[in-house]
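The data block below is data.cif; it holds mmCIF, C-alpha atoms.
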```
data_structure
#
loop_
_atom_site.group_PDB
_atom_site.id
_atom_site.type_symbol
_atom_site.label_atom_id
_atom_site.label_comp_id
_atom_site.auth_asym_id
_atom_site.auth_seq_id
_atom_site.Cartn_x
_atom_site.Cartn_y
_atom_site.Cartn_z
ATOM 1 C CA MET A 1 24.822 -26.601 -18.513
ATOM 2 C CA THR A 2 23.041 -25.990 -15.222
ATOM 3 C CA ILE A 3 24.441 -27.054 -11.904
ATOM 4 C CA PRO A 4 22.249 -28.585 -9.192
ATOM 5 C CA LEU A 5 21.752 -25.935 -6.539
ATOM 6 C CA PRO A 6 20.617 -26.701 -2.978
ATOM 7 C CA HIS A 7 17.257 -24.967 -2.385
ATOM 8 C CA ASP A 8 18.582 -23.085 0.651
ATOM 9 C CA TYR A 9 21.908 -22.014 -0.915
ATOM 10 C CA ARG A 10 23.047 -18.425 -0.368
ATOM 11 C CA PRO A 11 26.478 -17.147 -1.415
ATOM 12 C CA ALA A 12 28.843 -16.604 1.488
ATOM 13 C CA ASP A 13 31.983 -14.537 1.884
ATOM 14 C CA ASP A 14 33.955 -17.567 3.057
ATOM 15 C CA GLU A 15 33.656 -19.465 -0.243
ATOM 16 C CA SER A 16 35.682 -18.811 -3.377
ATOM 17 C CA PHE A 17 34.293 -15.890 -5.329
ATOM 18 C CA MET A 18 32.126 -16.803 -8.331
ATOM 19 C CA ASN A 19 32.577 -20.528 -7.877
ATOM 20 C CA PRO A 20 30.142 -22.673 -9.938
ATOM 21 C CA LEU A 21 27.458 -22.712 -7.223
ATOM 22 C CA MET A 22 27.598 -18.952 -6.749
ATOM 23 C CA THR A 23 27.519 -18.337 -10.483
ATOM 24 C CA GLU A 24 24.521 -20.638 -10.895
ATOM 25 C CA TYR A 25 22.766 -18.911 -7.997
ATOM 26 C CA PHE A 26 23.082 -15.505 -9.669
ATOM 27 C CA ARG A 27 22.165 -16.910 -13.083
ATOM 28 C CA ARG A 28 18.921 -18.280 -11.644
ATOM 29 C CA LYS A 29 18.257 -15.071 -9.744
ATOM 30 C CA LEU A 30 18.652 -13.030 -12.931
ATOM 31 C CA MET A 31 16.541 -15.435 -15.001
ATOM 32 C CA GLY A 32 13.758 -15.367 -12.393
ATOM 33 C CA TRP A 33 13.806 -11.577 -12.337
ATOM 34 C CA LYS A 34 13.681 -11.424 -16.133
ATOM 35 C CA ASP A 35 10.802 -13.931 -16.304
ATOM 36 C CA GLU A 36 8.846 -11.887 -13.757
ATOM 37 C CA LEU A 37 9.355 -8.671 -15.740
ATOM 38 C CA LEU A 38 8.329 -10.346 -19.002
ATOM 39 C CA ARG A 39 5.204 -11.783 -17.389
ATOM 40 C CA GLU A 40 4.230 -8.366 -16.010
ATOM 41 C CA SER A 41 4.813 -6.796 -19.407
ATOM 42 C CA SER A 42 2.581 -9.359 -21.072
ATOM 43 C CA GLU A 43 -0.151 -8.723 -18.506
ATOM 44 C CA THR A 44 0.096 -4.991 -19.135
ATOM 45 C CA LEU A 45 -0.334 -5.464 -22.868
ATOM 46 C CA GLN A 46 -3.366 -7.660 -22.299
ATOM 47 C CA ASN A 47 -4.897 -5.092 -19.935
ATOM 48 C CA LEU A 48 -4.280 -2.224 -22.346
ATOM 49 C CA GLN A 49 -5.925 -4.182 -25.171
ATOM 50 C CA GLN A 50 -8.938 -5.137 -23.041
ATOM 51 C CA ASP A 51 -9.470 -1.670 -21.555
ATOM 52 C CA ASN A 52 -9.786 0.023 -24.929
ATOM 53 C CA VAL A 53 -13.327 1.360 -24.382
ATOM 54 C CA PRO A 54 -13.353 5.178 -24.577
ATOM 55 C CA GLU A 55 -14.573 6.971 -21.463
ATOM 56 C CA ALA A 56 -17.591 9.245 -21.886
ATOM 57 C CA ASP A 57 -16.571 11.693 -19.173
ATOM 58 C CA ILE A 58 -13.558 13.875 -20.012
ATOM 59 C CA ALA A 59 -12.179 13.641 -16.451
ATOM 60 C CA ASP A 60 -12.398 9.836 -16.543
ATOM 61 C CA ARG A 61 -10.718 9.817 -19.949
ATOM 62 C CA ALA A 62 -7.887 12.009 -18.660
ATOM 63 C CA SER A 63 -7.441 9.776 -15.639
ATOM 64 C CA THR A 64 -7.361 6.655 -17.816
ATOM 65 C CA GLU A 65 -4.821 8.226 -20.195
ATOM 66 C CA THR A 66 -2.621 9.257 -17.255
ATOM 67 C CA ASP A 67 -2.744 5.725 -15.855
ATOM 68 C CA ARG A 68 -1.853 4.245 -19.253
ATOM 69 C CA SER A 69 0.982 6.693 -19.726
ATOM 70 C CA LEU A 70 2.416 5.857 -16.311
ATOM 71 C CA GLU A 71 2.094 2.128 -17.007
ATOM 72 C CA LEU A 72 3.859 2.477 -20.372
ATOM 73 C CA ARG A 73 6.700 4.487 -18.815
ATOM 74 C CA THR A 74 7.086 1.812 -16.162
ATOM 75 C CA ARG A 75 7.220 -0.881 -18.839
ATOM 76 C CA ASP A 76 9.806 1.126 -20.780
ATOM 77 C CA ARG A 77 12.027 1.278 -17.682
ATOM 78 C CA GLU A 78 11.534 -2.457 -17.245
ATOM 79 C CA ARG A 79 12.460 -3.042 -20.903
ATOM 80 C CA LYS A 80 15.755 -1.262 -20.226
ATOM 81 C CA LEU A 81 16.177 -3.327 -17.068
ATOM 82 C CA ILE A 82 15.667 -6.530 -19.072
ATOM 83 C CA ALA A 83 18.476 -5.417 -21.389
ATOM 84 C CA LYS A 84 20.742 -4.965 -18.341
ATOM 85 C CA ILE A 85 19.738 -8.397 -17.061
ATOM 86 C CA ASP A 86 20.648 -9.864 -20.449
ATOM 87 C CA GLU A 87 24.031 -8.132 -20.243
ATOM 88 C CA ALA A 88 24.583 -9.595 -16.762
ATOM 89 C CA LEU A 89 23.681 -13.069 -18.045
ATOM 90 C CA GLU A 90 26.191 -12.579 -20.859
ATOM 91 C CA ARG A 91 28.850 -11.615 -18.279
ATOM 92 C CA ILE A 92 28.064 -14.872 -16.468
ATOM 93 C CA GLU A 93 28.662 -16.777 -19.706
ATOM 94 C CA THR A 94 31.974 -15.010 -20.339
ATOM 95 C CA GLY A 95 33.156 -15.297 -16.733
ATOM 96 C CA ASN A 96 33.159 -11.541 -16.067
ATOM 97 C CA PHE A 97 30.112 -11.437 -13.803
ATOM 98 C CA GLY A 98 30.667 -10.063 -10.314
ATOM 99 C CA TYR A 99 33.816 -8.135 -11.144
ATOM 100 C CA CYS A 100 34.023 -4.346 -11.276
ATOM 101 C CA GLU A 101 34.385 -2.995 -14.812
ATOM 102 C CA GLU A 102 36.621 -0.170 -13.548
ATOM 103 C CA THR A 103 38.964 -1.956 -11.143
ATOM 104 C CA GLY A 104 38.583 -5.632 -11.969
ATOM 105 C CA GLU A 105 38.071 -6.328 -8.259
ATOM 106 C CA PRO A 106 35.192 -8.504 -7.022
ATOM 107 C CA ILE A 107 31.925 -6.672 -6.324
ATOM 108 C CA SER A 108 30.699 -7.388 -2.800
ATOM 109 C CA LEU A 109 28.173 -10.187 -2.418
ATOM 110 C CA ARG A 110 25.833 -7.859 -0.522
ATOM 111 C CA ARG A 111 25.821 -5.479 -3.503
ATOM 112 C CA LEU A 112 25.258 -8.308 -5.975
ATOM 113 C CA GLU A 113 22.411 -9.677 -3.855
ATOM 114 C CA ALA A 114 20.759 -6.259 -3.807
ATOM 115 C CA ARG A 115 21.539 -5.401 -7.440
ATOM 116 C CA PRO A 116 22.685 -8.407 -9.463
ATOM 117 C CA ILE A 117 23.066 -6.247 -12.579
ATOM 118 C CA ALA A 118 25.756 -4.122 -10.890
ATOM 119 C CA THR A 119 28.871 -3.593 -12.975
ATOM 120 C CA LEU A 120 30.799 -1.406 -10.523
ATOM 121 C CA SER A 121 31.928 -1.935 -6.954
ATOM 122 C CA ILE A 122 30.437 0.436 -4.400
ATOM 123 C CA GLU A 123 33.671 2.444 -4.306
ATOM 124 C CA ALA A 124 33.851 2.766 -8.105
ATOM 125 C CA GLN A 125 30.136 3.659 -8.269
ATOM 126 C CA GLU A 126 30.554 6.370 -5.635
ATOM 127 C CA LEU A 127 33.550 7.816 -7.498
ATOM 128 C CA HIS A 128 31.597 7.716 -10.752
ATOM 129 C CA GLU A 129 28.669 9.561 -9.144
ATOM 130 C CA ARG A 130 30.962 12.176 -7.563
ATOM 131 C CA LEU A 131 32.634 12.846 -10.907
ATOM 132 C CA GLU A 132 29.243 13.031 -12.596
ATOM 133 C CA ARG A 133 28.026 15.633 -10.079
ATOM 134 C CA THR A 134 31.240 17.639 -10.432
ATOM 135 C CA HIS A 135 31.083 17.746 -14.219
ATOM 136 C CA ARG A 136 27.344 18.435 -14.255
ATOM 137 C CA ASP A 137 27.917 21.630 -12.262
ATOM 138 C CA ASP A 138 30.316 22.997 -14.937
#
```

Same coordinates, now as structure tokens:
Amino acid sequence: MTIPLPHDYRPADDESFMNPLMTEYFRRKLMGWKDELLRESSETLQNLQQDNVPEADIADRASTETDRSLELRTRDRERKLIAKIDEALERIETGNFGYCEETGEPISLRRLEARPIATLSIEAQELHERLERTHRDD
């Protein structure tokens, strides 16, 4: 069930965390992001199918192959991002969205605005990265 959302609504620190309006705001933000990525992916596939004429010059062929490879790597990263968006949408459905997986504390609204797929608070993310660097040096 979707909730009517004022067109100028932005989550604020002075409202209750993950109230229905805030949750709907992030659900729509995630859905819009996912739709955009899917549309771009579809356009890429169409372009790759249309631009299937082999280049006569070896330098042009190499350039075209490099461009295609870069585009496919970008799409692969976006495919992984879509999976994370789907996970965030699932957390919205289960009521866990916006809360740190490590501490259970609310993730800041500024962080969620910047990265709505975030699963860790800034503090937990920084600790995670420090530990990762420490163990990588071993």

Would you list the residues near (26.1, -23.5, -13.2), meaning any protein, DNA or RNA residue with an atom at most 7 Å from that point in file coordinates, counting all atoms listed in the file, as a ChimeraX atom specification? /A:1-3,20-21,23-24

Step by step, work through what the PyMOL selection byres ((chain A and resi 33) around 12) selects in the shown file, and finish by giving those residues as a PyMOL selection string. chain A and resi 26-32+34-40+78+81-86+88-89+115-117

For the residues selected in the previous step, produce a file with C-alpha atoms as an mmCIF file, in the coordinates of the input.
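Result saved to out_28.cif:
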```cif
data_model
loop_
_atom_site.group_PDB
_atom_site.id
_atom_site.type_symbol
_atom_site.label_atom_id
_atom_site.label_comp_id
_atom_site.auth_asym_id
_atom_site.auth_seq_id
_atom_site.Cartn_x
_atom_site.Cartn_y
_atom_site.Cartn_z
ATOM 1 C CA PHE A 26 23.082 -15.505 -9.669
ATOM 2 C CA ARG A 27 22.165 -16.910 -13.083
ATOM 3 C CA ARG A 28 18.921 -18.280 -11.644
ATOM 4 C CA LYS A 29 18.257 -15.071 -9.744
ATOM 5 C CA LEU A 30 18.652 -13.030 -12.931
ATOM 6 C CA MET A 31 16.541 -15.435 -15.001
ATOM 7 C CA GLY A 32 13.758 -15.367 -12.393
ATOM 8 C CA LYS A 34 13.681 -11.424 -16.133
ATOM 9 C CA ASP A 35 10.802 -13.931 -16.304
ATOM 10 C CA GLU A 36 8.846 -11.887 -13.757
ATOM 11 C CA LEU A 37 9.355 -8.671 -15.740
ATOM 12 C CA LEU A 38 8.329 -10.346 -19.002
ATOM 13 C CA ARG A 39 5.204 -11.783 -17.389
ATOM 14 C CA GLU A 40 4.230 -8.366 -16.010
ATOM 15 C CA GLU A 78 11.534 -2.457 -17.245
ATOM 16 C CA LEU A 81 16.177 -3.327 -17.068
ATOM 17 C CA ILE A 82 15.667 -6.530 -19.072
ATOM 18 C CA ALA A 83 18.476 -5.417 -21.389
ATOM 19 C CA LYS A 84 20.742 -4.965 -18.341
ATOM 20 C CA ILE A 85 19.738 -8.397 -17.061
ATOM 21 C CA ASP A 86 20.648 -9.864 -20.449
ATOM 22 C CA ALA A 88 24.583 -9.595 -16.762
ATOM 23 C CA LEU A 89 23.681 -13.069 -18.045
ATOM 24 C CA ARG A 115 21.539 -5.401 -7.440
ATOM 25 C CA PRO A 116 22.685 -8.407 -9.463
ATOM 26 C CA ILE A 117 23.066 -6.247 -12.579
#
```

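Of note, CA of Lys80 in chain A and CA of Gly95 in chain A are spaced 22.6 Å apart.
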
Env of range 96-102 of chain A: 8 Å cut, atoms = all atoms listed in the file, seq-sep filter 4 positions within chain, self excluded. Answer as an MDAnalysis selection string. chainID A and resid 18 88:89 91:92 106:108 112 118:121 124

Could you tell me which residues the PyMOL selection byres ((chain A and resi 9) around 9) returns for this structure, as a PyMOL selection string? chain A and resi 5-8+10-11+21-22+25

Tell me, in Å to one decimal, how far CA of Ala114 in chain A is from CA of Thr94 in chain A.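 Straight-line distance from CA of Ala114 in chain A to CA of Thr94 in chain A works out to 21.8 Å.
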
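The two atoms in question, CA of Glu93 in chain A and CA of Ser41 in chain A, are spaced 25.9 Å apart.
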